[in-house]
$ cat entry28.txt   # compact mmCIF, C-alpha atoms
# COMPACT_ATOMS: atom_id res chain seq x y z
CA MET A 1 22.53 3.77 -72.07
CA ILE A 2 19.64 3.18 -69.61
CA ASP A 3 16.53 1.76 -71.32
CA ASN A 4 17.33 4.00 -74.31
CA LEU A 5 15.93 6.98 -72.38
CA VAL A 6 19.28 8.47 -71.44
CA ARG A 7 22.46 8.27 -73.49
CA ILE A 8 25.79 8.46 -71.66
CA GLU A 9 28.99 9.30 -73.50
CA GLN A 10 32.41 9.80 -71.97
CA ASP A 11 35.37 11.66 -73.47
CA GLY A 12 38.28 11.42 -71.08
CA THR A 13 37.07 12.83 -67.79
CA ARG A 14 34.02 14.49 -69.36
CA ALA A 15 30.65 12.75 -69.30
CA ARG A 16 27.68 13.80 -71.38
CA VAL A 17 24.20 12.78 -70.27
CA THR A 18 21.62 13.21 -73.04
CA MET A 19 17.88 12.84 -72.52
CA ASN A 20 16.82 10.75 -75.48
CA ARG A 21 13.10 11.37 -76.07
CA PRO A 22 13.23 13.86 -78.94
CA ASP A 23 9.83 12.80 -80.30
CA VAL A 24 8.19 14.28 -77.17
CA ARG A 25 10.68 17.14 -76.67
CA ASN A 26 12.47 15.17 -73.94
CA ALA A 27 9.43 15.45 -71.72
CA PHE A 28 9.49 13.82 -68.28
CA ASN A 29 7.73 10.64 -67.37
CA ALA A 30 8.35 8.27 -64.48
CA ALA A 31 10.85 6.20 -66.47
CA LEU A 32 12.96 9.18 -67.57
CA ILE A 33 12.97 10.59 -64.04
CA ALA A 34 14.20 7.25 -62.66
CA ALA A 35 16.83 6.94 -65.40
CA LEU A 36 18.24 10.42 -64.75
CA HIS A 37 18.33 9.75 -61.01
CA ASP A 38 20.26 6.51 -61.50
CA VAL A 39 22.69 8.03 -64.02
CA PHE A 40 23.63 10.90 -61.72
CA GLU A 41 24.02 8.59 -58.75
CA GLU A 42 26.40 6.44 -60.82
CA LEU A 43 28.42 9.36 -62.18
CA SER A 44 28.68 10.93 -58.74
CA ALA A 45 30.54 7.83 -57.56
CA ASP A 46 32.76 7.53 -60.66
CA ASP A 47 36.25 8.87 -59.91
CA GLY A 48 37.02 8.85 -63.63
CA VAL A 49 34.50 11.62 -64.26
CA ARG A 50 35.36 15.25 -63.48
CA SER A 51 32.49 17.11 -65.14
CA ILE A 52 29.05 16.32 -66.56
CA VAL A 53 27.13 17.96 -69.40
CA LEU A 54 23.35 17.53 -69.26
CA ALA A 55 21.74 17.82 -72.70
CA GLY A 56 18.58 16.99 -74.61
CA GLU A 57 18.46 15.17 -77.95
CA GLY A 58 16.85 16.98 -80.87
CA LYS A 59 15.54 20.52 -81.13
CA THR A 60 14.40 20.95 -77.51
CA PHE A 61 16.25 20.59 -74.20
CA SER A 62 13.10 19.69 -72.26
CA GLY A 63 9.46 20.58 -72.74
CA GLY A 64 8.47 19.68 -69.18
CA ALA A 65 6.05 16.91 -68.23
CA ASP A 66 4.94 14.26 -70.70
CA ILE A 67 1.29 14.61 -71.77
CA GLU A 68 0.57 10.89 -71.39
CA TRP A 69 2.16 10.88 -67.95
CA MET A 70 -0.03 13.82 -66.92
CA ARG A 71 -3.11 12.08 -68.34
CA ASP A 72 -2.33 9.00 -66.26
CA ALA A 73 -1.91 11.21 -63.18
CA LEU A 74 -5.55 12.28 -63.46
CA ALA A 75 -6.59 8.83 -62.26
CA LEU A 76 -4.07 8.60 -59.42
CA PRO A 77 -5.05 9.15 -55.78
CA GLU A 78 -3.21 11.82 -53.80
CA ALA A 79 -0.81 9.31 -52.22
CA GLU A 80 0.36 8.12 -55.65
CA ASN A 81 0.83 11.70 -56.78
CA VAL A 82 2.98 12.29 -53.70
CA ARG A 83 5.18 9.34 -54.65
CA ASP A 84 5.57 10.68 -58.20
CA ALA A 85 6.57 14.08 -56.84
CA GLU A 86 9.04 12.54 -54.41
CA ALA A 87 10.70 10.64 -57.26
CA MET A 88 11.07 13.89 -59.21
CA ALA A 89 12.55 15.59 -56.14
CA ALA A 90 15.02 12.73 -55.62
CA MET A 91 16.19 13.09 -59.23
CA LEU A 92 16.74 16.84 -58.87
CA ILE A 93 18.58 16.28 -55.59
CA ALA A 94 20.87 13.75 -57.30
CA ILE A 95 21.82 16.43 -59.84
CA ASP A 96 22.09 19.22 -57.29
CA ARG A 97 24.27 17.21 -54.90
CA CYS A 98 26.45 15.59 -57.52
CA PRO A 99 30.05 16.34 -56.42
CA LYS A 100 31.05 16.95 -60.04
CA PRO A 101 30.21 20.24 -61.78
CA VAL A 102 27.07 19.85 -63.89
CA ILE A 103 26.72 22.00 -67.02
CA ALA A 104 23.27 22.24 -68.61
CA ARG A 105 23.30 22.67 -72.39
CA VAL A 106 20.01 24.28 -73.41
CA GLN A 107 18.63 24.56 -76.92
CA GLY A 108 15.08 25.17 -78.10
CA ALA A 109 13.20 25.39 -74.83
CA ALA A 110 13.30 24.55 -71.14
CA LEU A 111 9.78 24.63 -69.74
CA GLY A 112 8.31 23.59 -66.40
CA GLY A 113 10.37 20.71 -65.08
CA GLY A 114 12.98 21.50 -67.74
CA CYS A 115 13.63 24.75 -65.88
CA GLY A 116 13.92 22.69 -62.72
CA LEU A 117 16.67 20.65 -64.33
CA ILE A 118 18.74 23.68 -65.22
CA ALA A 119 18.14 25.20 -61.80
CA ALA A 120 19.68 22.08 -60.26
CA ALA A 121 22.74 22.38 -62.51
CA ASP A 122 25.80 24.44 -61.58
CA ILE A 123 26.40 26.18 -64.90
CA VAL A 124 23.85 26.81 -67.65
CA VAL A 125 24.78 27.56 -71.26
CA ALA A 126 21.79 28.47 -73.42
CA ALA A 127 21.23 29.15 -77.08
CA SER A 128 20.29 32.76 -77.74
CA ASP A 129 16.95 31.71 -79.25
CA ALA A 130 15.99 29.36 -76.39
CA ILE A 131 12.70 29.90 -74.54
CA PHE A 132 12.02 29.38 -70.84
CA GLY A 133 8.96 29.30 -68.64
CA PHE A 134 7.42 28.05 -65.41
CA THR A 135 4.25 27.19 -67.26
CA GLU A 136 2.59 24.92 -64.69
CA VAL A 137 -0.19 27.35 -63.72
CA LYS A 138 -1.43 27.26 -67.33
CA LEU A 139 -2.30 23.61 -66.65
CA GLY A 140 -3.87 24.25 -63.26
CA ILE A 141 -0.87 22.99 -61.30
CA ILE A 142 2.14 24.65 -59.66
CA PRO A 143 5.97 24.44 -59.94
CA ALA A 144 6.18 22.90 -56.49
CA VAL A 145 8.89 20.24 -56.67
CA ILE A 146 11.29 22.42 -58.67
CA SER A 147 10.82 25.48 -56.43
CA PRO A 148 13.55 24.61 -53.85
CA PHE A 149 16.06 24.71 -56.72
CA VAL A 150 14.57 27.58 -58.74
CA ILE A 151 13.91 30.14 -56.00
CA PRO A 152 17.54 30.27 -54.73
CA LYS A 153 18.64 30.80 -58.35
CA ILE A 154 16.24 33.56 -59.43
CA GLY A 155 15.10 35.01 -56.10
CA VAL A 156 11.70 35.46 -54.49
CA SER A 157 10.66 38.51 -56.53
CA GLN A 158 11.23 36.86 -59.91
CA ALA A 159 9.66 33.59 -58.72
CA ARG A 160 6.51 35.38 -57.60
CA ALA A 161 6.14 37.06 -60.98
CA LEU A 162 7.03 34.11 -63.20
CA PHE A 163 5.33 31.36 -61.19
CA VAL A 164 1.94 33.12 -61.18
CA THR A 165 1.88 34.27 -64.80
CA GLY A 166 3.39 31.13 -66.31
CA GLU A 167 4.71 33.39 -69.05
CA ARG A 168 7.45 32.32 -71.41
CA PHE A 169 10.63 34.40 -71.57
CA ASP A 170 13.76 34.56 -73.65
CA ALA A 171 17.37 33.67 -72.93
CA ALA A 172 18.35 37.29 -72.28
CA ARG A 173 15.85 37.53 -69.43
CA ALA A 174 16.83 34.08 -68.16
CA GLN A 175 20.41 35.28 -67.92
CA LYS A 176 19.41 38.56 -66.28
CA ILE A 177 17.55 36.79 -63.47
CA GLY A 178 20.31 34.22 -62.87
CA LEU A 179 18.68 31.12 -64.32
CA VAL A 180 21.22 31.04 -67.18
CA HIS A 181 24.92 31.96 -67.05
CA TYR A 182 26.01 32.10 -70.70
CA VAL A 183 23.97 32.90 -73.80
CA VAL A 184 25.52 32.07 -77.17
CA PRO A 185 24.35 31.31 -80.72
CA ALA A 186 23.02 27.76 -80.96
CA ASP A 187 25.99 26.63 -83.06
CA LYS A 188 28.41 27.86 -80.36
CA LEU A 189 26.98 25.91 -77.42
CA ASP A 190 29.64 23.19 -77.44
CA ALA A 191 32.46 25.67 -77.98
CA ARG A 192 31.37 27.62 -74.90
CA ILE A 193 31.16 24.39 -72.91
CA ASP A 194 34.71 23.51 -74.02
CA VAL A 195 35.95 26.81 -72.56
CA ILE A 196 34.21 26.06 -69.28
CA TYR A 197 35.68 22.58 -69.19
CA ASP A 198 39.18 23.99 -69.69
CA GLU A 199 38.60 26.17 -66.61
CA LEU A 200 37.33 23.22 -64.59
CA ARG A 201 40.39 21.13 -65.48
CA THR A 202 42.60 23.63 -63.64
CA ALA A 203 40.57 23.28 -60.42
CA SER A 204 40.96 20.62 -57.75
CA PRO A 205 38.19 17.98 -57.98
CA SER A 206 37.90 17.75 -54.20
CA ALA A 207 37.80 21.54 -53.90
CA ILE A 208 35.03 21.71 -56.51
CA ALA A 209 32.97 19.18 -54.54
CA ALA A 210 33.63 21.04 -51.29
CA ALA A 211 32.73 24.38 -52.90
CA LYS A 212 29.40 22.99 -54.09
CA THR A 213 28.63 21.78 -50.57
CA LEU A 214 29.75 25.12 -49.12
CA VAL A 215 27.25 27.10 -51.21
CA ARG A 216 24.40 24.85 -50.11
CA ASP A 217 25.41 24.85 -46.43
CA VAL A 218 26.06 28.60 -46.15
CA THR A 219 22.78 29.42 -47.86
CA ALA A 220 20.89 27.38 -45.26
CA ALA A 221 22.89 28.62 -42.24
CA THR A 222 22.40 31.50 -39.83
CA PRO A 223 25.33 33.99 -39.63
CA ASP A 224 26.62 32.31 -36.47
CA GLU A 225 26.34 28.85 -37.99
CA ALA A 226 28.05 30.08 -41.16
CA THR A 227 31.07 31.29 -39.19
CA ALA A 228 31.63 27.87 -37.66
CA LEU A 229 30.97 25.81 -40.76
CA THR A 230 33.13 27.96 -43.06
CA ALA A 231 36.05 27.82 -40.62
CA ARG A 232 35.78 24.03 -40.53
CA ALA A 233 35.39 23.82 -44.29
CA ILE A 234 38.52 25.81 -45.15
CA ALA A 235 40.58 24.06 -42.46
CA ARG A 236 39.50 20.65 -43.75
CA GLN A 237 40.35 21.56 -47.34
CA ARG A 238 43.73 23.08 -46.43
CA VAL A 239 44.92 19.88 -44.80
CA SER A 240 43.48 17.61 -47.52
CA PRO A 241 45.86 16.03 -50.06
CA GLU A 242 44.68 18.29 -52.88
CA GLY A 243 44.70 21.35 -50.63
CA GLN A 244 48.32 20.64 -49.75
CA GLU A 245 49.24 19.90 -53.36
CA GLY A 246 47.54 23.04 -54.69
CA LEU A 247 49.26 25.36 -52.26
CA ARG A 248 52.65 23.73 -52.88
CA ALA A 249 52.16 23.96 -56.65
CA PHE A 250 51.33 27.65 -56.35
CA LEU A 251 54.37 28.38 -54.19
CA GLU A 252 56.61 26.34 -56.49
CA ARG A 253 55.12 27.99 -59.60
CA ARG A 254 54.12 24.76 -61.29
CA PRO A 255 50.83 23.21 -62.42
CA ALA A 256 49.03 21.17 -59.77
CA SER A 257 48.86 17.43 -60.33
CA TRP A 258 45.19 17.41 -61.33
CA HIS A 259 45.83 19.57 -64.43
CA ASP A 260 46.73 16.44 -66.40
CA ARG A 261 43.79 14.32 -65.20

$ encode --input "entry28.txt" --output "structure tokens"
Amino acid sequence: MIDNLVRIEQDGTRARVTMNRPDVRNAFNAALIAALHDVFEELSADDGVRSIVLAGEGKTFSGGADIEWMRDALALPEAENVRDAEAMAAMLIAIDRCPKPVIARVQGAALGGGCGLIAAADIVVAASDAIFGFTEVKLGIIPAVISPFVIPKIGVSQARALFVTGERFDAARAQKIGLVHYVVPADKLDARIDVIYDELRTASPSAIAAAKTLVRDVTAATPDEATALTARAIARQRVSPEGQEGLRAFLERRPASWHDR
């Protein structure tokens, strides 16, 4: 646990990171942002962890920014606001670039920065009654720091509509636009995550990490750059220990060594 703000539990190779501010709907402040950043940096370097579930304690995944934190921001000069925003960006980058698959478990609501969290995750499982929204414009601000993670997920057209209205929308729409991957009854969230974990266990950890990097690199590349980087990426993975083991296991019709890890 880090300053009681984030609870970390590990079950075998699964880690669960739970934001622990249920009294304020797991809203962000500077301390929670720093704690999440540090937790994901630590788990990224932990070879004993193969997947991470990101959750929120209580009835709400994350209600966005903390009211007291926003009140304090009113008195900050622009330079201090920039530093706050940079800390938020660093936290989202730590989640996005984590080499382990990150599964967001969403109940209740994900609003504002809460939507940024799930956009930085790889897989999002949401309760069917969960509510979403990029509500910043209602407060006279904008979803700036989360936009590099949100726009690639939902696309420019949806971002233009949802960023300017600040409207709230349901899980069905969140799934339709690509923000959410699975929608299940609230009492089935963990069961759905178990199914996903079983799939992840059959995949090479190094290949998962390389696949995450591949998506990011190809998205940012020109067609010519993509040709070169994808050729290097597949060649590097083929000659890696797990690439060799996976291909041999397939040819020999046996489970690869990582299935039991």

$ residues_near_point --input "entry28.txt" --point "(28.4, 25.3, -63.2)" --cutoff "8 Å" --atoms "only C-alpha atoms" --output "list of chain:residue names"
A:Pro101, A:Val102, A:Ile103, A:Ala121, A:Asp122, A:Ile123, A:Val124

$ closest_residue --input "entry28.txt" --among "A:Arg168, A:Arg216, A:Arg7, A:Arg16" --to "Asp190 in chain A" --atoms "all atoms listed in the file"
A:Arg16

$ residues_around --input "entry28.txt" --residues "Ala256 in chain A" --least-positions-apart "6" --cutoff "8 Å" --atoms "all atoms listed in the file" --output "list of chain:residue names"
A:Thr202, A:Glu245, A:Gly246, A:Ala249, A:Phe250

$ residues_around --input "entry28.txt" --residues "Gln107 in chain A" --least-positions-apart "6" --cutoff "9 Å" --atoms "only C-alpha atoms" --output "count of residues only"
16

$ closest_residue --input "entry28.txt" --among "A:Cys115, A:Val39, A:Leu139, A:Ala120" --to "Glu9 in chain A" --atoms "all atoms listed in the file"
A:Val39

$ atom_distance --input "entry28.txt" --atom1 "CA of Glu242 in chain A" --atom2 "CA of Leu229 in chain A"
19.8 Å

$ atom_distance --input "entry28.txt" --atom1 "CA of Pro99 in chain A" --atom2 "CA of Ser44 in chain A"
6.0 Å

$ closest_residue --input "entry28.txt" --among "A:Val82, A:Val239, A:Ala89, A:Val24" --to "Glu68 in chain A" --atoms "all atoms listed in the file"
A:Val24

$ atom_distance --input "entry28.txt" --atom1 "CA of Asn29 in chain A" --atom2 "CA of Ala65 in chain A"
6.5 Å

$ residues_around --input "entry28.txt" --residues "Arg192 in chain A" --least-positions-apart "6" --cutoff "10 Å" --atoms "only C-alpha atoms" --output "list of chain:residue names"
A:Arg105, A:Val125, A:Ala126, A:Tyr182, A:Val183, A:Val184, A:Pro185

$ closest_residue --input "entry28.txt" --among "A:Leu43, A:Val164, A:Ile118, A:Leu36" --to "Val180 in chain A" --atoms "all atoms listed in the file"
A:Ile118

$ residues_around --input "entry28.txt" --residues "Thr227 in chain A" --least-positions-apart "6" --cutoff "12 Å" --atoms "all atoms listed in the file" --output "list in words"
Leu214, Asp217, Val218, Ala221, Ala233 and Ile234 of chain A
